[in-house]
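Coordinates as given in work_5.txt (compact mmCIF, C-alpha atoms):
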# COMPACT_ATOMS: atom_id res chain seq x y z
CA MET A 30 -27.14 36.50 -62.44
CA GLU A 31 -23.84 34.92 -63.40
CA ASP A 32 -24.12 31.78 -65.54
CA LEU A 33 -24.37 28.86 -63.09
CA VAL A 34 -22.92 26.29 -65.49
CA VAL A 35 -19.72 28.27 -65.91
CA MET A 36 -19.44 29.46 -62.32
CA PHE A 37 -20.12 26.14 -60.62
CA SER A 38 -18.41 23.78 -63.05
CA ASN A 39 -15.22 25.84 -63.09
CA PHE A 40 -15.13 25.90 -59.31
CA TYR A 41 -16.43 22.47 -58.26
CA SER A 42 -14.68 20.33 -60.85
CA GLY A 43 -12.18 18.21 -58.91
CA LYS A 44 -13.12 19.70 -55.51
CA ARG A 45 -13.27 17.26 -52.59
CA VAL A 46 -16.75 17.65 -51.06
CA PHE A 47 -17.90 15.83 -47.91
CA LEU A 48 -21.71 15.61 -47.96
CA THR A 49 -23.82 14.33 -45.07
CA GLY A 50 -27.43 13.23 -45.61
CA HIS A 51 -27.06 12.30 -49.26
CA THR A 52 -29.77 9.63 -48.98
CA GLY A 53 -32.35 12.29 -48.09
CA PHE A 54 -34.43 14.27 -50.56
CA LYS A 55 -32.31 17.45 -50.75
CA GLY A 56 -29.07 15.53 -50.29
CA ALA A 57 -29.75 13.25 -53.24
CA TRP A 58 -30.41 16.20 -55.55
CA LEU A 59 -27.20 17.86 -54.38
CA ALA A 60 -25.13 14.68 -54.77
CA LEU A 61 -26.25 14.34 -58.40
CA TRP A 62 -25.60 18.02 -59.09
CA LEU A 63 -22.09 17.82 -57.63
CA GLU A 64 -21.41 14.74 -59.75
CA GLN A 65 -22.53 16.59 -62.87
CA MET A 66 -20.01 19.34 -62.05
CA GLY A 67 -17.14 16.90 -61.64
CA ALA A 68 -16.72 17.12 -57.86
CA GLN A 69 -15.29 14.23 -55.84
CA VAL A 70 -18.06 13.51 -53.34
CA ALA A 71 -17.68 11.52 -50.13
CA ALA A 72 -21.15 10.81 -48.76
CA TYR A 73 -21.98 10.08 -45.13
CA SER A 74 -25.55 9.03 -44.39
CA LEU A 75 -27.86 6.36 -43.04
CA GLU A 76 -30.08 4.35 -45.36
CA PRO A 77 -32.84 6.36 -47.10
CA PRO A 78 -35.53 7.62 -44.71
CA SER A 79 -38.31 6.54 -47.07
CA SER A 80 -39.16 3.86 -49.60
CA PRO A 81 -39.21 4.66 -52.43
CA SER A 82 -36.50 7.32 -52.34
CA LEU A 83 -34.75 9.55 -54.83
CA TRP A 84 -31.46 8.01 -53.64
CA SER A 85 -32.50 4.57 -54.91
CA LEU A 86 -34.65 5.59 -57.89
CA ALA A 87 -31.93 7.83 -59.38
CA ASN A 88 -29.02 5.55 -58.38
CA VAL A 89 -27.34 8.26 -56.36
CA GLU A 90 -25.13 5.61 -54.76
CA GLY A 91 -23.34 5.27 -58.08
CA SER A 92 -22.48 8.98 -58.06
CA VAL A 93 -20.64 9.20 -54.76
CA LYS A 94 -18.11 7.48 -52.53
CA ARG A 95 -19.98 6.36 -49.43
CA VAL A 96 -17.79 6.63 -46.32
CA GLY A 97 -20.14 5.99 -43.38
CA GLY A 98 -23.56 6.55 -41.97
CA ASP A 99 -24.46 7.55 -38.41
CA ILE A 100 -23.92 11.22 -37.61
CA ASN A 101 -24.41 10.35 -33.92
CA ASN A 102 -21.27 8.20 -33.94
CA ALA A 103 -18.57 10.75 -33.14
CA ALA A 104 -15.67 8.37 -33.73
CA ASP A 105 -16.95 7.23 -37.13
CA ILE A 106 -17.68 10.71 -38.44
CA SER A 107 -14.28 11.92 -37.26
CA ALA A 108 -12.50 9.04 -38.97
CA ALA A 109 -14.43 9.57 -42.19
CA VAL A 110 -13.61 13.30 -42.35
CA ARG A 111 -9.94 12.77 -41.52
CA SER A 112 -9.60 10.00 -44.09
CA PHE A 113 -11.25 11.87 -46.98
CA LYS A 114 -9.54 15.22 -46.28
CA PRO A 115 -12.33 17.34 -47.78
CA GLU A 116 -11.96 20.92 -48.90
CA ILE A 117 -15.70 21.60 -48.56
CA VAL A 118 -18.24 20.13 -46.12
CA ILE A 119 -22.01 20.40 -46.58
CA HIS A 120 -24.02 19.08 -43.64
CA MET A 121 -27.58 17.98 -44.43
CA ALA A 122 -28.01 14.86 -42.28
CA ALA A 123 -30.96 15.43 -39.94
CA GLN A 124 -34.27 14.28 -38.57
CA SER A 125 -36.10 16.71 -40.80
CA LEU A 126 -39.79 16.58 -39.86
CA VAL A 127 -41.84 18.36 -37.19
CA ARG A 128 -44.46 15.72 -36.43
CA PRO A 129 -42.07 12.75 -35.88
CA SER A 130 -40.13 14.94 -33.45
CA TYR A 131 -43.11 14.75 -31.08
CA ASP A 132 -42.89 10.94 -31.16
CA ASN A 133 -39.08 10.75 -30.82
CA PRO A 134 -37.84 14.01 -29.29
CA LEU A 135 -34.56 12.56 -27.97
CA GLU A 136 -33.69 11.04 -31.35
CA THR A 137 -34.43 14.38 -33.02
CA LEU A 138 -32.32 16.33 -30.53
CA ASN A 139 -29.45 13.84 -30.63
CA THR A 140 -29.30 13.81 -34.41
CA ASN A 141 -29.82 17.50 -35.08
CA VAL A 142 -27.85 18.96 -32.17
CA MET A 143 -25.17 16.46 -31.16
CA GLY A 144 -24.84 15.20 -34.74
CA THR A 145 -23.96 18.74 -35.81
CA ALA A 146 -21.54 19.05 -32.90
CA ASN A 147 -19.90 15.73 -33.82
CA LEU A 148 -19.29 16.93 -37.36
CA LEU A 149 -17.95 20.32 -36.27
CA GLU A 150 -15.58 18.63 -33.84
CA ALA A 151 -14.31 16.39 -36.66
CA ILE A 152 -13.80 19.44 -38.89
CA ARG A 153 -11.92 21.22 -36.09
CA HIS A 154 -9.25 18.52 -36.26
CA THR A 155 -9.08 18.40 -40.08
CA PRO A 156 -7.03 21.37 -41.37
CA HIS A 157 -7.79 20.64 -45.04
CA VAL A 158 -11.38 21.93 -44.67
CA ARG A 159 -11.79 25.46 -46.06
CA SER A 160 -15.56 25.86 -46.45
CA VAL A 161 -18.44 24.49 -44.32
CA ILE A 162 -22.21 24.78 -44.86
CA ILE A 163 -24.45 23.71 -41.95
CA VAL A 164 -28.06 23.32 -43.11
CA THR A 165 -30.68 24.11 -40.47
CA SER A 166 -34.23 25.38 -41.14
CA ASP A 167 -36.46 28.42 -41.28
CA LYS A 168 -38.16 26.88 -38.22
CA CYS A 169 -35.11 27.69 -36.07
CA TYR A 170 -36.53 31.15 -35.28
CA GLU A 171 -38.64 32.07 -32.27
CA ASN A 172 -41.98 32.34 -34.03
CA GLN A 173 -44.53 34.70 -32.50
CA GLU A 174 -46.87 34.23 -35.49
CA THR A 175 -46.79 37.93 -36.39
CA GLY A 176 -46.36 37.28 -40.09
CA THR A 177 -43.22 39.46 -40.24
CA PRO A 178 -40.50 37.71 -42.29
CA PHE A 179 -37.55 36.56 -40.22
CA VAL A 180 -34.13 38.17 -40.62
CA GLU A 181 -30.92 36.38 -39.72
CA SER A 182 -30.44 38.35 -36.49
CA ASP A 183 -33.83 37.33 -35.04
CA PRO A 184 -33.65 35.15 -31.90
CA MET A 185 -33.62 31.38 -32.06
CA GLY A 186 -36.58 29.46 -30.64
CA GLY A 187 -38.69 26.40 -31.30
CA HIS A 188 -42.08 25.31 -29.97
CA ASP A 189 -41.69 21.68 -31.05
CA PRO A 190 -38.62 19.45 -30.60
CA TYR A 191 -37.68 19.66 -34.30
CA SER A 192 -37.72 23.46 -34.40
CA ALA A 193 -35.87 23.68 -31.08
CA SER A 194 -33.24 21.24 -32.34
CA LYS A 195 -32.56 23.46 -35.35
CA GLY A 196 -32.28 26.55 -33.18
CA CYS A 197 -29.85 24.64 -30.97
CA ALA A 198 -27.82 23.54 -34.01
CA GLU A 199 -27.47 27.21 -34.93
CA LEU A 200 -26.20 28.05 -31.44
CA VAL A 201 -23.78 25.12 -31.41
CA THR A 202 -22.39 26.20 -34.78
CA ALA A 203 -22.00 29.82 -33.67
CA SER A 204 -20.15 28.60 -30.59
CA TYR A 205 -17.70 26.56 -32.67
CA VAL A 206 -17.17 29.48 -35.05
CA ASN A 207 -16.41 31.90 -32.22
CA SER A 208 -14.32 29.43 -30.22
CA PHE A 209 -12.34 27.62 -32.91
CA PHE A 210 -12.84 28.78 -36.48
CA ARG A 211 -12.38 32.56 -36.35
CA GLN A 212 -8.64 32.14 -36.01
CA ASN A 213 -7.97 29.70 -38.85
CA SER A 214 -8.72 29.12 -42.53
CA THR A 215 -11.97 27.20 -41.98
CA ALA A 216 -14.99 29.38 -42.83
CA VAL A 217 -18.39 28.18 -41.54
CA ALA A 218 -21.91 29.38 -42.39
CA THR A 219 -25.43 28.22 -41.51
CA VAL A 220 -28.28 28.25 -44.01
CA ARG A 221 -32.00 28.50 -43.34
CA ALA A 222 -34.32 27.62 -46.21
CA GLY A 223 -38.05 27.87 -46.62
CA ASN A 224 -40.35 24.98 -47.52
CA VAL A 225 -38.72 23.01 -50.32
CA ILE A 226 -40.61 21.10 -52.99
CA GLY A 227 -39.44 19.00 -55.92
CA GLY A 228 -39.48 15.51 -57.32
CA GLY A 229 -38.18 12.65 -55.24
CA ASP A 230 -39.51 13.65 -51.83
CA PHE A 231 -41.41 10.70 -50.34
CA ALA A 232 -41.45 11.73 -46.68
CA VAL A 233 -44.57 11.08 -44.61
CA ASP A 234 -46.52 14.09 -43.32
CA ARG A 235 -45.14 16.41 -45.98
CA LEU A 236 -47.68 18.10 -48.24
CA ILE A 237 -46.57 17.30 -51.80
CA PRO A 238 -45.55 13.67 -51.08
CA ASP A 239 -48.84 13.11 -49.24
CA MET A 240 -50.73 14.40 -52.28
CA VAL A 241 -48.75 12.26 -54.72
CA ARG A 242 -49.33 9.09 -52.70
CA ALA A 243 -53.04 9.78 -52.37
CA PHE A 244 -53.59 10.79 -56.00
CA LYS A 245 -51.63 7.84 -57.35
CA ALA A 246 -53.74 5.49 -55.24
CA GLY A 247 -56.96 7.23 -56.28
CA ASN A 248 -57.67 8.56 -52.79
CA PRO A 249 -58.37 12.07 -51.54
CA VAL A 250 -55.49 13.65 -49.63
CA HIS A 251 -56.20 14.75 -46.06
CA ILE A 252 -55.19 18.38 -45.48
CA ARG A 253 -54.41 19.53 -41.92
CA SER A 254 -53.89 23.30 -42.04
CA PRO A 255 -55.21 24.84 -45.28
CA HIS A 256 -54.63 28.41 -44.09
CA ALA A 257 -51.04 27.97 -42.92
CA THR A 258 -48.57 29.95 -45.04
CA ARG A 259 -45.09 28.85 -46.11
CA PRO A 260 -42.33 30.20 -48.41
CA TRP A 261 -42.48 27.52 -51.13
CA GLN A 262 -39.47 27.03 -53.41
CA HIS A 263 -38.07 24.36 -55.69
CA VAL A 264 -35.32 22.26 -54.15
CA LEU A 265 -32.73 23.51 -56.63
CA GLU A 266 -33.17 27.10 -55.42
CA PRO A 267 -31.65 26.75 -51.94
CA LEU A 268 -29.15 24.18 -53.23
CA SER A 269 -27.88 26.73 -55.74
CA GLY A 270 -27.54 29.16 -52.84
CA TYR A 271 -25.60 26.66 -50.73
CA LEU A 272 -23.23 26.00 -53.62
CA ARG A 273 -22.71 29.72 -54.22
CA LEU A 274 -22.12 30.35 -50.51
CA ALA A 275 -19.69 27.42 -50.18
CA LYS A 276 -17.71 28.84 -53.09
CA SER A 277 -17.62 32.30 -51.48
CA LEU A 278 -16.52 30.86 -48.13
CA PHE A 279 -13.75 28.94 -49.89
CA GLU A 280 -12.50 31.95 -51.83
CA GLU A 281 -13.16 34.83 -49.41
CA GLY A 282 -13.10 33.08 -46.03
CA GLN A 283 -14.41 34.86 -42.93
CA GLU A 284 -16.22 37.58 -44.92
CA TYR A 285 -19.12 35.20 -45.54
CA VAL A 286 -19.23 33.48 -42.14
CA GLY A 287 -22.60 33.63 -40.37
CA ALA A 288 -26.26 32.81 -40.99
CA TRP A 289 -28.07 33.14 -44.31
CA ASN A 290 -31.76 32.90 -45.28
CA PHE A 291 -32.65 31.31 -48.62
CA GLY A 292 -36.27 31.76 -49.60
CA PRO A 293 -38.47 32.64 -52.56
CA ALA A 294 -39.87 36.00 -53.57
CA LYS A 295 -42.80 37.14 -51.45
CA GLU A 296 -45.18 36.19 -54.26
CA SER A 297 -44.31 32.53 -53.60
CA VAL A 298 -45.45 32.65 -49.97
CA LYS A 299 -48.69 30.70 -50.35
CA THR A 300 -51.17 28.93 -48.12
CA VAL A 301 -51.37 25.17 -47.96
CA GLY A 302 -54.79 25.41 -49.58
CA GLU A 303 -53.38 27.31 -52.56
CA VAL A 304 -50.67 24.69 -53.01
CA VAL A 305 -53.22 21.88 -52.90
CA THR A 306 -55.42 23.55 -55.51
CA PHE A 307 -52.56 24.37 -57.88
CA PHE A 308 -50.88 20.97 -57.65
CA SER A 309 -54.21 19.16 -58.01
CA ASP A 310 -54.87 21.01 -61.26
CA LEU A 311 -51.43 20.04 -62.55
CA TRP A 312 -51.94 16.40 -61.61
CA GLY A 313 -55.35 16.16 -63.23
CA GLU A 314 -57.51 13.06 -63.00
CA GLY A 315 -57.68 11.44 -59.57
CA ALA A 316 -56.72 14.55 -57.60
CA ALA A 317 -59.04 15.26 -54.67
CA HIS A 318 -58.72 16.47 -51.09
CA GLN A 319 -60.60 16.81 -47.84
CA ILE A 320 -59.90 18.69 -44.62
CA ASP A 321 -58.66 16.65 -41.67
CA GLN A 322 -60.72 17.86 -38.70
CA SER A 323 -58.92 15.76 -36.07
CA GLU A 324 -56.80 17.34 -33.35
CA GLN A 325 -53.22 17.94 -34.50
CA PRO A 326 -49.95 18.73 -32.68
CA HIS A 327 -48.76 22.33 -32.85
CA GLU A 328 -47.16 23.54 -36.07
CA ALA A 329 -46.39 27.14 -37.00
CA LYS A 330 -49.14 28.80 -39.04
CA LEU A 331 -47.11 31.72 -40.44
CA LEU A 332 -43.59 31.44 -41.80
CA GLY A 333 -41.65 33.79 -44.04
CA LEU A 334 -38.01 34.71 -44.64
CA ASP A 335 -36.41 38.06 -45.35
CA CYS A 336 -33.71 37.32 -47.92
CA SER A 337 -32.32 40.83 -48.30
CA LYS A 338 -28.92 39.78 -46.95
CA VAL A 339 -28.37 36.96 -49.44
CA ASN A 340 -29.80 39.05 -52.29
CA ASN A 341 -27.53 42.02 -51.60
CA GLU A 342 -24.35 40.46 -50.21
CA LEU A 343 -24.16 37.15 -52.07
CA GLY A 344 -25.96 38.14 -55.26
CA TRP A 345 -28.35 35.19 -55.01
CA LYS A 346 -31.95 35.46 -56.15
CA PRO A 347 -34.55 32.80 -57.04
CA LYS A 348 -34.61 31.64 -60.65
CA THR A 349 -38.12 30.14 -60.50
CA ASP A 350 -41.46 31.44 -59.29
CA PHE A 351 -44.14 29.43 -57.48
CA GLU A 352 -45.82 28.28 -60.68
CA LYS A 353 -42.58 27.09 -62.29
CA ALA A 354 -41.52 25.27 -59.12
CA MET A 355 -44.86 23.47 -58.96
CA GLU A 356 -44.73 22.57 -62.65
CA MET A 357 -41.24 21.06 -62.32
CA THR A 358 -42.37 19.11 -59.28
CA ALA A 359 -45.48 17.72 -60.98
CA GLU A 360 -43.48 16.76 -64.07
CA TRP A 361 -41.02 14.75 -61.99
CA TYR A 362 -43.70 12.85 -60.08
CA LYS A 363 -45.63 12.07 -63.25
CA GLU A 364 -42.43 10.65 -64.74
CA TRP A 365 -42.08 8.43 -61.68
CA ALA A 366 -45.77 7.46 -61.61
CA ASN A 367 -45.51 6.35 -65.25
CA ALA A 368 -42.38 4.24 -64.53
CA GLY A 369 -40.13 6.61 -66.45
CA ASP A 370 -36.39 7.25 -66.10
CA VAL A 371 -36.26 9.45 -63.02
CA ARG A 372 -32.46 9.68 -62.93
CA SER A 373 -32.50 11.20 -66.41
CA LYS A 374 -35.44 13.44 -65.45
CA THR A 375 -33.59 14.66 -62.35
CA ILE A 376 -30.39 15.43 -64.25
CA LYS A 377 -32.40 17.09 -67.04
CA GLN A 378 -34.16 19.35 -64.54
CA ILE A 379 -30.81 20.34 -63.04
CA ALA A 380 -29.59 21.35 -66.50
CA GLU A 381 -32.81 23.23 -67.22
CA PHE A 382 -32.53 25.08 -63.91
CA GLU A 383 -28.93 26.06 -64.63
CA ALA A 384 -30.02 27.51 -67.96
CA LEU A 385 -32.72 29.74 -66.44
CA LYS A 386 -31.94 33.45 -66.32

Please re-express this file's structure in structure tokens.
Amino acid sequence: MEDLVVMFSNFYSGKRVFLTGHTGFKGAWLALWLEQMGAQVAAYSLEPPSSPSLWSLANVEGSVKRVGGDINNAADISAAVRSFKPEIVIHMAAQSLVRPSYDNPLETLNTNVMGTANLLEAIRHTPHVRSVIIVTSDKCYENQETGTPFVESDPMGGHDPYSASKGCAELVTASYVNSFFRQNSTAVATVRAGNVIGGGDFAVDRLIPDMVRAFKAGNPVHIRSPHATRPWQHVLEPLSGYLRLAKSLFEEGQEYVGAWNFGPAKESVKTVGEVVTFFSDLWGEGAAHQIDQSEQPHEAKLLGLDCSKVNNELGWKPKTDFEKAMEMTAEWYKEWANAGDVRSKTIKQIAEFEALK
């Protein structure tokens, strides 16, 4: 694989990047990475969805130019895009959890579907934009629980409001591409990543953050679906793919338009129970768990992604395996739990990831 430091720094230095959702877990990592590469980042996001947050702990606010917040405000997002005149747009702002979507389905649908449409409409009227990444989810697919990894051409679906909203965001994006962007210099792609882990995620009802909170407090973590399988990967893996794809869209245009899966090697598709056991061993003293036997809303049991397209056509492959991803994640949370310098730890892990072969 081409050296990421050289490839990304040479390309992103000085580039004008409009990033939505920078106060979220993945967005905060990406904002810091773009800063390290010398990009000019305009960030559009609400306040952090959790407290604590990576955004506040790592002082991400000091790394970007904040230009607004509510993706549901069409006039504000349009004004922000027009004013900044970005060359690259990466859309991460979302309601990103399955279980809260049952409690607030309209909020989830508004944010994930109409929020995406609002941004695409703003881009349509901003001719400076060359490259657009719309981040959706591996849960956008119609999941029949067969265990067969999804390919990009599989139909969209969604049992729960969150999954349906991501499938809808894919359809909205495809509509804008076919209606407006095929005939100009704006190249748009959607990206679908597997379950992402890494330091700085403090969301509720997400496995690693739930474990960290419980272990730090000396309590056992309650596990809902120990036999459910997911494609686990460190947060920097899909982010490296998004950055590579954005570069290809910028340089090659319509050749890279479409949908792309970003997931780990099949060896990193693990059950929830395996993740709990491995992370507990890394954490050490105070790590314990018990099975939650209460009735739970529906969540997919089997998820996997076929990444042949991105491997073969984009030249992207994972740099870490399951064990390395878990080790990096545990190291970050231990730094935080011991009141260490998490901004330095985050930047150090980015550099270490770039150096991996």

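Of the listed residues A:Val89, A:Val70, A:Val304, A:Leu33, the one whose atoms come nearest to Trp345 of chain A is A:Leu33, with distances taken using only C-alpha atoms.
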
Pull the neighbourhood of (-15.9, 20.7, -45.7) for me: all residues within 9 Å in file coordinates, counting all atoms listed in the file, as a count of residues only.
-> 22

Hey, can you check how far atom CA of Ile226 of chain A sits from atom CA of Leu268 of chain A?
->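 Separation between atom CA of Ile226 of chain A and atom CA of Leu268 of chain A: 11.9 Å.
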
Given only C-alpha atoms as the counted atoms, nearest of A:Gln173, A:Ser182, A:Asn102, A:Gln262 to Met143 of chain A = A:Asn102

Hey, can you check how far atom CA of Tyr41 of chain A sits from atom CA of Ala60 of chain A?
->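 Interatomic distance here is 12.2 Å.
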
Taking a cut-off of 10 Å and counting all atoms listed in the file, can you build a table that, for each residue of segment 45-163 of chain A near segment 363-374 of chain A, reports the nearest atom pair and how far apart they are in Å (one decimal), sorted by chain then residue number, as JSON lines?
{"residue": "A:Leu61", "atom": "CA", "partner": "A:Arg372", "partner_atom": "CA", "distance": 9.0}
{"residue": "A:Leu83", "atom": "CA", "partner": "A:Val371", "partner_atom": "CA", "distance": 8.3}
{"residue": "A:Trp84", "atom": "CA", "partner": "A:Arg372", "partner_atom": "CA", "distance": 9.5}
{"residue": "A:Ser85", "atom": "CA", "partner": "A:Arg372", "partner_atom": "CA", "distance": 9.5}
{"residue": "A:Leu86", "atom": "CA", "partner": "A:Val371", "partner_atom": "CA", "distance": 6.6}
{"residue": "A:Ala87", "atom": "CA", "partner": "A:Arg372", "partner_atom": "CA", "distance": 4.0}
{"residue": "A:Asn88", "atom": "CA", "partner": "A:Arg372", "partner_atom": "CA", "distance": 7.0}
{"residue": "A:Val89", "atom": "CA", "partner": "A:Arg372", "partner_atom": "CA", "distance": 8.4}

Those residues with C-alpha atoms, as a compact mmCIF listing (two decimals), keeping the file's coordinate frame please?
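Result file is again-v7.txt:
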# COMPACT_ATOMS: atom_id res chain seq x y z
CA LEU A 61 -26.25 14.34 -58.40
CA LEU A 83 -34.75 9.55 -54.83
CA TRP A 84 -31.46 8.01 -53.64
CA SER A 85 -32.50 4.57 -54.91
CA LEU A 86 -34.65 5.59 -57.89
CA ALA A 87 -31.93 7.83 -59.38
CA ASN A 88 -29.02 5.55 -58.38
CA VAL A 89 -27.34 8.26 -56.36

Of the candidates A:Gly270, A:Ser277, A:Asn290, A:Asn133, which shows the shortest atom-to-atom distance to Thr165 of chain A, using only C-alpha atoms?
->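 For Thr165 of chain A, the nearest of the given residues is A:Asn290.
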
Counting all atoms listed in the file, figure out which residue out of A:Gly302, A:Gly227, A:Gly98, A:Pro156 gets nearest to Gln319 of chain A.
-> A:Gly302

Residues within 8 Å of (-25.0, 18.3, -36.5), counting all atoms listed in the file, listed as a count of residues only | 16

Work out how far apart atom CA of Leu135 of chain A and atom CA of Pro184 of chain A are and give it in Å to one decimal.
->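 It comes out at 22.9 Å.
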
Find the residue from A:Lys377, A:His188, A:His318, A:Arg153 that sits nearest to Gly247 of chain A; use only C-alpha atoms when measuring.
-> A:His318

Which residues, written as JSON, numbers by chain, have at least one atom at most 12 Å from Lys195 of chain A, with all atoms listed in the file counted and residues fewer than 6 positions away on the same chain left out?
-> {"A": [121, 122, 123, 124, 125, 126, 127, 130, 137, 138, 139, 140, 141, 142, 143, 144, 145, 163, 164, 165, 166, 167, 168, 169, 170, 171, 185, 186, 187, 188, 189, 201, 202, 219, 220, 221, 222]}

Just write the chosen residues, C-alpha atoms, as a short mmCIF file (atom, residue, chain, number, x, y, z; two decimals), in the coordinates of the input.
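Once everything was written out, this is selection.cif:
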data_model
loop_
_atom_site.label_atom_id
_atom_site.label_comp_id
_atom_site.auth_asym_id
_atom_site.auth_seq_id
_atom_site.Cartn_x
_atom_site.Cartn_y
_atom_site.Cartn_z
CA MET A 121 -27.58 17.98 -44.43
CA ALA A 122 -28.01 14.86 -42.28
CA ALA A 123 -30.96 15.43 -39.94
CA GLN A 124 -34.27 14.28 -38.57
CA SER A 125 -36.10 16.71 -40.80
CA LEU A 126 -39.79 16.58 -39.86
CA VAL A 127 -41.84 18.36 -37.19
CA SER A 130 -40.13 14.94 -33.45
CA THR A 137 -34.43 14.38 -33.02
CA LEU A 138 -32.32 16.33 -30.53
CA ASN A 139 -29.45 13.84 -30.63
CA THR A 140 -29.30 13.81 -34.41
CA ASN A 141 -29.82 17.50 -35.08
CA VAL A 142 -27.85 18.96 -32.17
CA MET A 143 -25.17 16.46 -31.16
CA GLY A 144 -24.84 15.20 -34.74
CA THR A 145 -23.96 18.74 -35.81
CA ILE A 163 -24.45 23.71 -41.95
CA VAL A 164 -28.06 23.32 -43.11
CA THR A 165 -30.68 24.11 -40.47
CA SER A 166 -34.23 25.38 -41.14
CA ASP A 167 -36.46 28.42 -41.28
CA LYS A 168 -38.16 26.88 -38.22
CA CYS A 169 -35.11 27.69 -36.07
CA TYR A 170 -36.53 31.15 -35.28
CA GLU A 171 -38.64 32.07 -32.27
CA MET A 185 -33.62 31.38 -32.06
CA GLY A 186 -36.58 29.46 -30.64
CA GLY A 187 -38.69 26.40 -31.30
CA HIS A 188 -42.08 25.31 -29.97
CA ASP A 189 -41.69 21.68 -31.05
CA VAL A 201 -23.78 25.12 -31.41
CA THR A 202 -22.39 26.20 -34.78
CA THR A 219 -25.43 28.22 -41.51
CA VAL A 220 -28.28 28.25 -44.01
CA ARG A 221 -32.00 28.50 -43.34
CA ALA A 222 -34.32 27.62 -46.21
#

Near-Gln65 of chain A list (10 Å; only C-alpha atoms; drop same-chain fewer than 4 positions) as a ChimeraX atom specification = /A:38,41-42,59-61,92,376,379-380

A:Gly176, A:Phe210, A:Thr300, A:Ala203 ranked by distance to Asn224 of chain A, top pick (using all atoms listed in the file) =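 When distances to Asn224 of chain A are compared using all atoms listed in the file, the smallest one comes from A:Thr300.
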
Using all atoms listed in the file, determine which residues lie at most 9 Å from Tyr285 of chain A, disregarding the query and same-chain residues fewer than 3 positions distant; provide the list as an MDAnalysis selection string.
-> chainID A and resid 216:218 274 277:278 281:282 288 342:343

Residues within 7 Å of Ala316 of chain A, only C-alpha atoms, excluding chain neighbours under 2 positions, as a PyMOL selection string | chain A and resi 244+249+309+312-314

Extending 6 Å beyond the listed atoms of segment 163-172 of chain A on each side, what axis-aligned box results? I want centre and edge lengths in Å to one decimal, as JSON.
{"center_x": -33.2, "center_y": 27.8, "center_z": -37.7, "size_x": 29.5, "size_y": 21.0, "size_z": 22.8}

For segment 251-264 of chain A, which lacks atoms in the input, supply N, CA and C atoms and format the output as a compact mmCIF listing (two decimals), keeping the file's coordinate frame.
# COMPACT_ATOMS: atom_id res chain seq x y z
N HIS A 251 -55.67 14.09 -47.26
CA HIS A 251 -56.20 14.75 -46.06
C HIS A 251 -55.32 15.95 -45.73
N ILE A 252 -55.91 17.13 -45.68
CA ILE A 252 -55.19 18.38 -45.48
C ILE A 252 -55.43 18.87 -44.05
N ARG A 253 -54.32 19.16 -43.34
CA ARG A 253 -54.41 19.53 -41.92
C ARG A 253 -54.65 21.02 -41.71
N SER A 254 -53.87 21.86 -42.35
CA SER A 254 -53.89 23.30 -42.04
C SER A 254 -53.96 24.11 -43.34
N PRO A 255 -55.13 24.20 -43.96
CA PRO A 255 -55.21 24.84 -45.28
C PRO A 255 -54.85 26.31 -45.28
N HIS A 256 -54.90 26.98 -44.13
CA HIS A 256 -54.63 28.41 -44.09
C HIS A 256 -53.21 28.73 -43.64
N ALA A 257 -52.43 27.73 -43.31
CA ALA A 257 -51.04 27.97 -42.92
C ALA A 257 -50.25 28.44 -44.14
N THR A 258 -49.36 29.42 -43.93
CA THR A 258 -48.57 29.95 -45.04
C THR A 258 -47.12 29.50 -44.91
N ARG A 259 -46.48 29.27 -46.07
CA ARG A 259 -45.09 28.85 -46.11
C ARG A 259 -44.41 29.49 -47.33
N PRO A 260 -43.08 29.70 -47.24
CA PRO A 260 -42.33 30.20 -48.41
C PRO A 260 -41.91 29.03 -49.30
N TRP A 261 -42.71 28.70 -50.30
CA TRP A 261 -42.48 27.52 -51.13
C TRP A 261 -41.43 27.81 -52.20
N GLN A 262 -40.49 26.87 -52.39
CA GLN A 262 -39.47 27.03 -53.41
C GLN A 262 -39.01 25.66 -53.89
N HIS A 263 -38.58 25.62 -55.16
CA HIS A 263 -38.07 24.36 -55.69
C HIS A 263 -36.75 24.02 -55.02
N VAL A 264 -36.51 22.73 -54.86
CA VAL A 264 -35.32 22.26 -54.15
C VAL A 264 -34.02 22.81 -54.72
